[in-house]
Structures are given as C-alpha cells and as structure tokens.
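Encoded as structure tokens, the structure appears first; notes follow it.
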Amino acid sequence: MLLAIDIGNTNIVFAIYDGNKQVDQCRMETNGKIPESINDIAQSYPNITDVIVSSVVPKTNDMIEKSCTYLLKTMPIFVDYRNAGIETALDNPTEVGADRLVNAVAVKAHYKKPAIIVDFGTATTFDVINGRGVYSGGVIAPGINLSMTALHMAAAKLPELSAEKTEAVIGSNTKDAMQSGIYWGYISLIEGMIKRISKEMGETPFVMATGGLAPLFMDGTDIIEAMDQDLTMKGLVHIHGQLTAKENEKSASCN
C-alpha cells in the first residue's frame with residue numbers, strides 16, 4: 001500500500017492507496033504532532049510499503065522522514081522538479097512548490113490538454129500547462145482567508161468574516177460590502193487572470209479548480225470547467241507509479 005502525504009502551509013493531508021484506489025484520508029494542522037499521526041496510520045495500515053510526499057514546508061521534512069523510516073520502515077520520496085516527471089520552462093525550477101508541480105502532473109496525465117489549474121490554498125495560485133505538456137509557470141496571489149485576516153487586522157473598525165457569496169455586488173452595510181469585496185473581487189481576479197493567461201498562452205486551456213474554497217468560487221463563475229479536491233493526491237500516485245516503473249525497468253536491465 002502507498003501513503004501519499006501533501007504538506008501545505010496550513011494542513012497536512014494523508015491518503016492511503018491500494019493501487020490507484022484511495023481507501024482512507026485524514027488531515028492535521030501543519031504545526032501539529034506529526035509522529036503521532038504517522039503512528040496512528042502505521043497501527044491502522046501495517047502493510048504500507050511506500051511513501052511519497054509533496055511538501056512546501058521544509059521544516060517538516062526531517063520529521064516526516066524520521067517518522068516514516070522508524071514507524072513505517074520505509075524511506076519517503078519527496079517530490080521536486082527532478083523526479084516529478086514533467087518538463088518545466090522556468091527560470092529557476094528549484095523555486096517552484098512541489099504541490100504545483102504535482103497538480104500539473106495530475107492534470108497532464110488525466111486530461112492531456114493545455115490547462116490552467118486554480119488552487120485555492122493559503123495562496124491562490126494559477127498554474128499553466130501548455131499544449132506540449134510543459135509546465136510553464138503561473139501566478140501567485142494572496143489567498144482568500146489571508147486577505148480577509150489582513151483586512152481585519154489593518155482596519156480597526158472592520159469585522160473578521162468568512163468568505164461567503166453575496167447576491168448583490170453593492171453592499172448596503174459594512175459586512176455586506178466586505179463580503180462582496182472578498183467574493184466578487186476574487187471572482188473578478190479569477191476571470192481576469194484566466195483570460196489574460198489564455199491570451200498569453202495563445203491556446204484555449206481547460207480550467208481546473210482545487211483547494212478547500214474551490215466549490216464556493218465555482219458557484220460564481222462559468223470560467224472554471226471542473227473541480228477535483230484530490231488533484232494533488234492523484235498527482236502523487238501517478239508520480240509514484242512512474243518512478244516505480246522506472247526502478248523496475250532499471251532492475252530488469254541489470255539482471
């Protein structure tokens with residue numbers, strides 16, 4: 001069995017796979033107790049043989065490696081531009097977050113067409129795969145929750161709110177005005193960015209959304225064509241399969 005781990009700035013998601021079938025998933029806060037979580041997984045799934053990790057929080061990597069090695073008796077594979085299995089057109093590929101590469105791999109493998117991936121995470125990112133299947137880069141904007149927290153902290157009279165869709169764009173009170181600014185402001189950001197990126201690509205891309213707030217923002221625009229909350233996990237499983245196949249080919253050639 002395979003344990004796929006997605007380490008984000010806010011949460012860590014663990015998913016257990018039997019082949020390509022996900023059999024379980026759990027999450028914890030990124031600043032939580034990693035060994036305890038992996039120990040629970042080891043107790044529930046003692047037949048895990050492989051671990052693959054997408055991490056954008058380097059300070060957690062050592063603890064993940066030690067916990068997997070000790071508790072699961074397996075050395076985890078950390079994905080980066082060298083083993084993700086996708087060509088990039090970046091000035092410095094070492095800078096790109098593993099999650100963005102993994103998402104690009106998933107879309108390339110499953111949809112096989114030029115694409116834009118909108119990921120509603122701690123940051124709102126737009127990742128671009130061109131018609132040749134090359135990861136071209138993208139856009140990083142402040143995340144919705146981050147923007148709302150900053151607005152509340154910087155303006156003493158503005159309340160702290162959660163993201164919600166408003167029926168009217170024009171707010172008749174402070175709360176509605178803020179909700180509209182967050183919701184319809186981000187809808188305008190999404191639509192504007194996708195149109196600008198598409199024009200720059202010179203192609204008509206497939207637009208995929210992922211991340212916790214994806215359902216909320218899909219409800220306000222037709223420009224997003226599909227949503228997949230397990231996109232990163234699907235990418236990790238695909239990369240693991242490709243790496244395993246290469247390792248098997250290498251072993252066969254040595255024999």
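All residue names refer to the structure tokens as shown: chains lettered A, B, ... in order, residues numbered from 1 in each chain, ligands numbered from 1 in order.
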
Surrounding residues of region 197-209 of chain A excluding itself and chain neighbours under 6 positions, 6 Å, only C-alpha atoms, as a PyMOL selection string
chain A and resi 114-119+224-227

Could you save the residues just selected, with C-alpha atoms, as a CSV table (one decimal), in the first residue's frame?
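Okay, this is what ended up in part-v9.csv:
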```csv
chain,number,residue,atom,x,y,z
A,114,PRO,CA,-3.4,22.7,-22.3
A,115,ALA,CA,-4.7,23.7,-18.9
A,116,ILE,CA,-4.8,26.3,-16.1
A,117,ILE,CA,-5.1,25.0,-12.5
A,118,VAL,CA,-6.6,27.4,-9.9
A,119,ASP,CA,-5.7,26.2,-6.4
A,224,ILE,CA,-13.9,27.1,-14.3
A,225,GLU,CA,-14.8,23.8,-16.0
A,226,ALA,CA,-14.1,21.2,-13.4
A,227,MET,CA,-13.1,20.7,-9.8
```

Name all residues at most 9 Å from region 79-85 of chain A (count only C-alpha atoms; drop same-chain ones fewer than 3 positions away) and give them as a list in words.
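Residues near the query, excluding close chain neighbours: Ile52, Val53, Ser54, Ser55, Thr88, Pro93, Thr94, Val96, Gly97, Ala98, Asp99, Leu101, Val102, Val105, Leu236, Ile239, His240, Gln242 and Leu243 of chain A.
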
With C-alpha atoms retained, export the selected residues as a JSON list (two decimals), in the first residue's frame.
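again_21.json, written as the output of this step:
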```json
[["chain", "number", "residue", "atom", "x", "y", "z"],
["A", 52, "ILE", "CA", 5.52, 9.76, -1.39],
["A", 53, "VAL", "CA", 5.44, 13.37, -0.21],
["A", 54, "SER", "CA", 4.64, 16.79, -1.65],
["A", 55, "SER", "CA", 5.90, 19.45, 0.77],
["A", 88, "THR", "CA", 9.33, 22.89, -16.99],
["A", 93, "PRO", "CA", 12.84, 25.25, -11.21],
["A", 94, "THR", "CA", 14.15, 24.86, -7.64],
["A", 96, "VAL", "CA", 8.52, 26.07, -7.62],
["A", 97, "GLY", "CA", 6.38, 24.46, -4.92],
["A", 98, "ALA", "CA", 6.12, 20.69, -5.13],
["A", 99, "ASP", "CA", 2.32, 20.87, -4.88],
["A", 101, "LEU", "CA", 4.25, 20.51, -9.98],
["A", 102, "VAL", "CA", 2.24, 17.57, -8.65],
["A", 105, "VAL", "CA", 1.36, 16.22, -13.44],
["A", 236, "LEU", "CA", 1.38, 11.88, -6.19],
["A", 239, "ILE", "CA", 4.38, 10.12, -9.97],
["A", 240, "HIS", "CA", 4.91, 7.16, -7.65],
["A", 242, "GLN", "CA", 6.13, 6.38, -12.91],
["A", 243, "LEU", "CA", 9.08, 6.21, -10.51]]
```

Which residue, A:Met218, A:Val23, A:Ala245, A:Leu161, has the smallest gap to Thr174 (chain A) when you use only C-alpha atoms?
A:Leu161

When DSSP is applied to the backbone of this structure, which of region 33-254 of chain A are assigned helix (DSSP H, G or I)? Write them out as a PyMOL selection string.
chain A and resi 34-44+58-72+93-95+98-111+144-154+174-201+214-218+231-254

Test item: residues at most 10 Å from Gly241 (chain A), only C-alpha atoms, excluding those fewer than 5 positions along its chain, as a list in words:
Gly19, Asn20, Gly235, Leu236, Lys246 and Glu247 of chain A

Region 41-43 of chain A: which residues within 9 Å, counting only C-alpha atoms, same-chain residues fewer than 5 positions away excluded, as a PyMOL selection string?
chain A and resi 3+14+16+36+48+68+71-72

Can I get the selection written as a PDB file, in the first residue's frame, with N, CA and C atoms?
```pdb
ATOM      1  N   LEU A   3       1.271   5.379   1.023  1.00  0.00           N
ATOM      2  CA  LEU A   3       0.860   6.546   1.785  1.00  0.00           C
ATOM      3  C   LEU A   3       1.308   7.787   1.025  1.00  0.00           C
ATOM      4  N   PHE A  14      -3.051  13.198   4.654  1.00  0.00           N
ATOM      5  CA  PHE A  14      -2.529  11.852   4.475  1.00  0.00           C
ATOM      6  C   PHE A  14      -3.590  11.036   3.736  1.00  0.00           C
ATOM      7  N   ILE A  16      -4.288   7.056   2.009  1.00  0.00           N
ATOM      8  CA  ILE A  16      -3.829   5.680   1.863  1.00  0.00           C
ATOM      9  C   ILE A  16      -4.390   5.126   0.561  1.00  0.00           C
ATOM     10  N   GLU A  36       2.806  11.361  15.976  1.00  0.00           N
ATOM     11  CA  GLU A  36       1.582  10.743  16.481  1.00  0.00           C
ATOM     12  C   GLU A  36       0.643  10.370  15.340  1.00  0.00           C
ATOM     13  N   ILE A  48       1.654  -0.773   4.725  1.00  0.00           N
ATOM     14  CA  ILE A  48       2.164   0.308   3.877  1.00  0.00           C
ATOM     15  C   ILE A  48       3.624   0.020   3.540  1.00  0.00           C
ATOM     16  N   CYS A  68       8.485   8.269   9.162  1.00  0.00           N
ATOM     17  CA  CYS A  68       8.193   7.210   8.191  1.00  0.00           C
ATOM     18  C   CYS A  68       9.239   6.103   8.259  1.00  0.00           C
ATOM     19  N   LEU A  71       8.596   4.391  11.935  1.00  0.00           N
ATOM     20  CA  LEU A  71       7.282   3.807  12.211  1.00  0.00           C
ATOM     21  C   LEU A  71       6.740   2.955  11.069  1.00  0.00           C
ATOM     22  N   LEU A  72       7.081   3.321   9.829  1.00  0.00           N
ATOM     23  CA  LEU A  72       6.585   2.578   8.671  1.00  0.00           C
ATOM     24  C   LEU A  72       7.672   1.736   8.010  1.00  0.00           C
TER      25      LEU A  72
END
```

Provide the CA of Ile64 (chain A) to CA of Gly121 (chain A) distance in Å, to one decimal place.
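Taking CA of Ile64 (chain A) as the start and CA of Gly121 (chain A) as the end point, the length is 21.3 Å.
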
If I take CA of Glu191 (chain A) and CA of Lys113 (chain A), how far is one from the other in Å, to one decimal?
19.8 Å

Looking at A:Met233, A:Leu216, A:Ile194, A:Ala168, which one is nearest to Val13 (chain A), with distances taken over only C-alpha atoms?
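Looking only at the distances to Val13 (chain A), the closest residue turns out to be A:Met233.
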
Work out how far CA of Ala4 (chain A) is from CA of Tyr135 (chain A), in Å to one decimal.
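Straight-line distance from CA of Tyr135 (chain A) to CA of Ala4 (chain A) works out to 22.0 Å.
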
Near-Phe217 (chain A) list (10 Å; only C-alpha atoms; drop same-chain fewer than 2 positions) as an NGL selection string:
:A and (120 or 163-165 or 183-184 or 186-187 or 190 or 209 or 213-215 or 219-222 or 224)

Output N, CA and C atoms for every residue in the selection just made, as a compact mmCIF listing (two decimals), in the first residue's frame.
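Output below, filename again.txt:
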```txt
# COMPACT_ATOMS: atom_id res chain seq x y z
N PHE A 120 -7.07 27.03 -4.59
CA PHE A 120 -7.47 27.93 -3.52
C PHE A 120 -6.90 27.42 -2.20
N ALA A 163 -15.46 33.79 4.07
CA ALA A 163 -15.84 34.01 2.67
C ALA A 163 -17.21 33.42 2.40
N GLU A 164 -18.09 34.26 1.88
CA GLU A 164 -19.43 33.82 1.51
C GLU A 164 -19.87 34.55 0.25
N LYS A 165 -20.71 33.88 -0.54
CA LYS A 165 -21.25 34.50 -1.74
C LYS A 165 -22.35 35.49 -1.35
N TYR A 183 -15.67 38.17 -2.10
CA TYR A 183 -16.20 37.15 -3.03
C TYR A 183 -16.12 37.60 -4.48
N TRP A 184 -16.78 38.71 -4.80
CA TRP A 184 -16.81 39.13 -6.21
C TRP A 184 -15.47 39.70 -6.65
N TYR A 186 -12.62 38.33 -5.77
CA TYR A 186 -11.86 37.14 -6.17
C TYR A 186 -12.42 36.51 -7.44
N ILE A 187 -13.73 36.57 -7.64
CA ILE A 187 -14.30 36.10 -8.91
C ILE A 187 -13.71 36.91 -10.06
N ILE A 190 -10.14 35.83 -10.61
CA ILE A 190 -10.08 34.53 -11.30
C ILE A 190 -10.37 34.70 -12.79
N ALA A 209 -10.17 23.59 -11.01
CA ALA A 209 -10.04 24.18 -9.68
C ALA A 209 -9.80 23.10 -8.64
N LEU A 213 -11.62 26.07 -0.89
CA LEU A 213 -12.68 27.02 -1.23
C LEU A 213 -13.10 26.94 -2.70
N ALA A 214 -12.62 25.96 -3.41
CA ALA A 214 -12.97 25.82 -4.83
C ALA A 214 -14.48 25.74 -5.06
N PRO A 215 -15.24 24.95 -4.27
CA PRO A 215 -16.69 24.88 -4.53
C PRO A 215 -17.39 26.23 -4.40
N ASP A 219 -19.18 28.41 -7.85
CA ASP A 219 -20.59 28.79 -7.87
C ASP A 219 -20.82 30.18 -8.44
N GLY A 220 -19.76 30.97 -8.58
CA GLY A 220 -19.92 32.34 -9.04
C GLY A 220 -19.41 32.61 -10.44
N THR A 221 -18.90 31.59 -11.13
CA THR A 221 -18.35 31.82 -12.47
C THR A 221 -18.45 30.56 -13.32
N ASP A 222 -18.59 30.76 -14.62
CA ASP A 222 -18.63 29.64 -15.55
C ASP A 222 -17.26 29.38 -16.18
N ILE A 224 -14.52 28.31 -14.79
CA ILE A 224 -13.90 27.08 -14.28
C ILE A 224 -14.73 25.90 -14.75
```

So which residues of region 12-181 of chain A fall under strand (DSSP E) by DSSP, listed as a ChimeraX atom specification?
/A:12-18,21-29,50-55,77-78,115-120,123-129,135-142

Please write the residues from the selection above to a file, keeping C-alpha atoms, as a PDB file, in the first residue's frame.
```pdb
ATOM      1  CA  ILE A  12      -1.078  18.121   6.132  1.00  0.00           C
ATOM      2  CA  VAL A  13      -3.249  15.597   4.289  1.00  0.00           C
ATOM      3  CA  PHE A  14      -2.529  11.852   4.475  1.00  0.00           C
ATOM      4  CA  ALA A  15      -4.139   9.467   1.970  1.00  0.00           C
ATOM      5  CA  ILE A  16      -3.829   5.680   1.863  1.00  0.00           C
ATOM      6  CA  TYR A  17      -3.932   3.947  -1.532  1.00  0.00           C
ATOM      7  CA  ASP A  18      -4.336   0.334  -2.504  1.00  0.00           C
ATOM      8  CA  LYS A  21      -7.895   3.277  -5.130  1.00  0.00           C
ATOM      9  CA  GLN A  22      -7.956   5.627  -2.169  1.00  0.00           C
ATOM     10  CA  VAL A  23      -9.064   3.706   0.923  1.00  0.00           C
ATOM     11  CA  ASP A  24      -8.676   6.381   3.598  1.00  0.00           C
ATOM     12  CA  GLN A  25      -7.787  10.037   4.110  1.00  0.00           C
ATOM     13  CA  CYS A  26      -7.123  12.194   7.159  1.00  0.00           C
ATOM     14  CA  ARG A  27      -5.643  15.594   7.907  1.00  0.00           C
ATOM     15  CA  MET A  28      -3.942  17.546  10.659  1.00  0.00           C
ATOM     16  CA  GLU A  29      -2.713  21.081  11.138  1.00  0.00           C
ATOM     17  CA  ASP A  50       5.833   3.121   0.116  1.00  0.00           C
ATOM     18  CA  VAL A  51       5.501   6.796   0.996  1.00  0.00           C
ATOM     19  CA  ILE A  52       5.519   9.760  -1.387  1.00  0.00           C
ATOM     20  CA  VAL A  53       5.442  13.371  -0.211  1.00  0.00           C
ATOM     21  CA  SER A  54       4.639  16.791  -1.646  1.00  0.00           C
ATOM     22  CA  SER A  55       5.897  19.447   0.766  1.00  0.00           C
ATOM     23  CA  ILE A  77      10.168  10.001  -1.620  1.00  0.00           C
ATOM     24  CA  PHE A  78       9.981  13.808  -1.652  1.00  0.00           C
ATOM     25  CA  ALA A 115      -4.692  23.719 -18.867  1.00  0.00           C
ATOM     26  CA  ILE A 116      -4.834  26.273 -16.074  1.00  0.00           C
ATOM     27  CA  ILE A 117      -5.110  24.982 -12.504  1.00  0.00           C
ATOM     28  CA  VAL A 118      -6.580  27.361  -9.923  1.00  0.00           C
ATOM     29  CA  ASP A 119      -5.657  26.229  -6.404  1.00  0.00           C
ATOM     30  CA  PHE A 120      -7.471  27.926  -3.517  1.00  0.00           C
ATOM     31  CA  ALA A 123      -2.190  31.403  -1.568  1.00  0.00           C
ATOM     32  CA  THR A 124      -4.415  31.401  -4.655  1.00  0.00           C
ATOM     33  CA  THR A 125      -2.252  30.045  -7.460  1.00  0.00           C
ATOM     34  CA  PHE A 126      -2.726  29.705 -11.203  1.00  0.00           C
ATOM     35  CA  ASP A 127      -0.549  27.028 -12.814  1.00  0.00           C
ATOM     36  CA  VAL A 128      -0.141  26.654 -16.555  1.00  0.00           C
ATOM     37  CA  ILE A 129       0.464  23.548 -18.686  1.00  0.00           C
ATOM     38  CA  TYR A 135       4.724  23.307 -17.009  1.00  0.00           C
ATOM     39  CA  SER A 136       5.126  26.961 -17.970  1.00  0.00           C
ATOM     40  CA  GLY A 137       4.818  28.635 -14.579  1.00  0.00           C
ATOM     41  CA  GLY A 138       1.924  30.718 -13.357  1.00  0.00           C
ATOM     42  CA  VAL A 139       0.656  33.311 -10.910  1.00  0.00           C
ATOM     43  CA  ILE A 140       0.671  33.537  -7.107  1.00  0.00           C
ATOM     44  CA  ALA A 141      -1.887  35.785  -5.398  1.00  0.00           C
ATOM     45  CA  PRO A 142      -2.774  36.171  -1.710  1.00  0.00           C
TER      46      PRO A 142
END
```
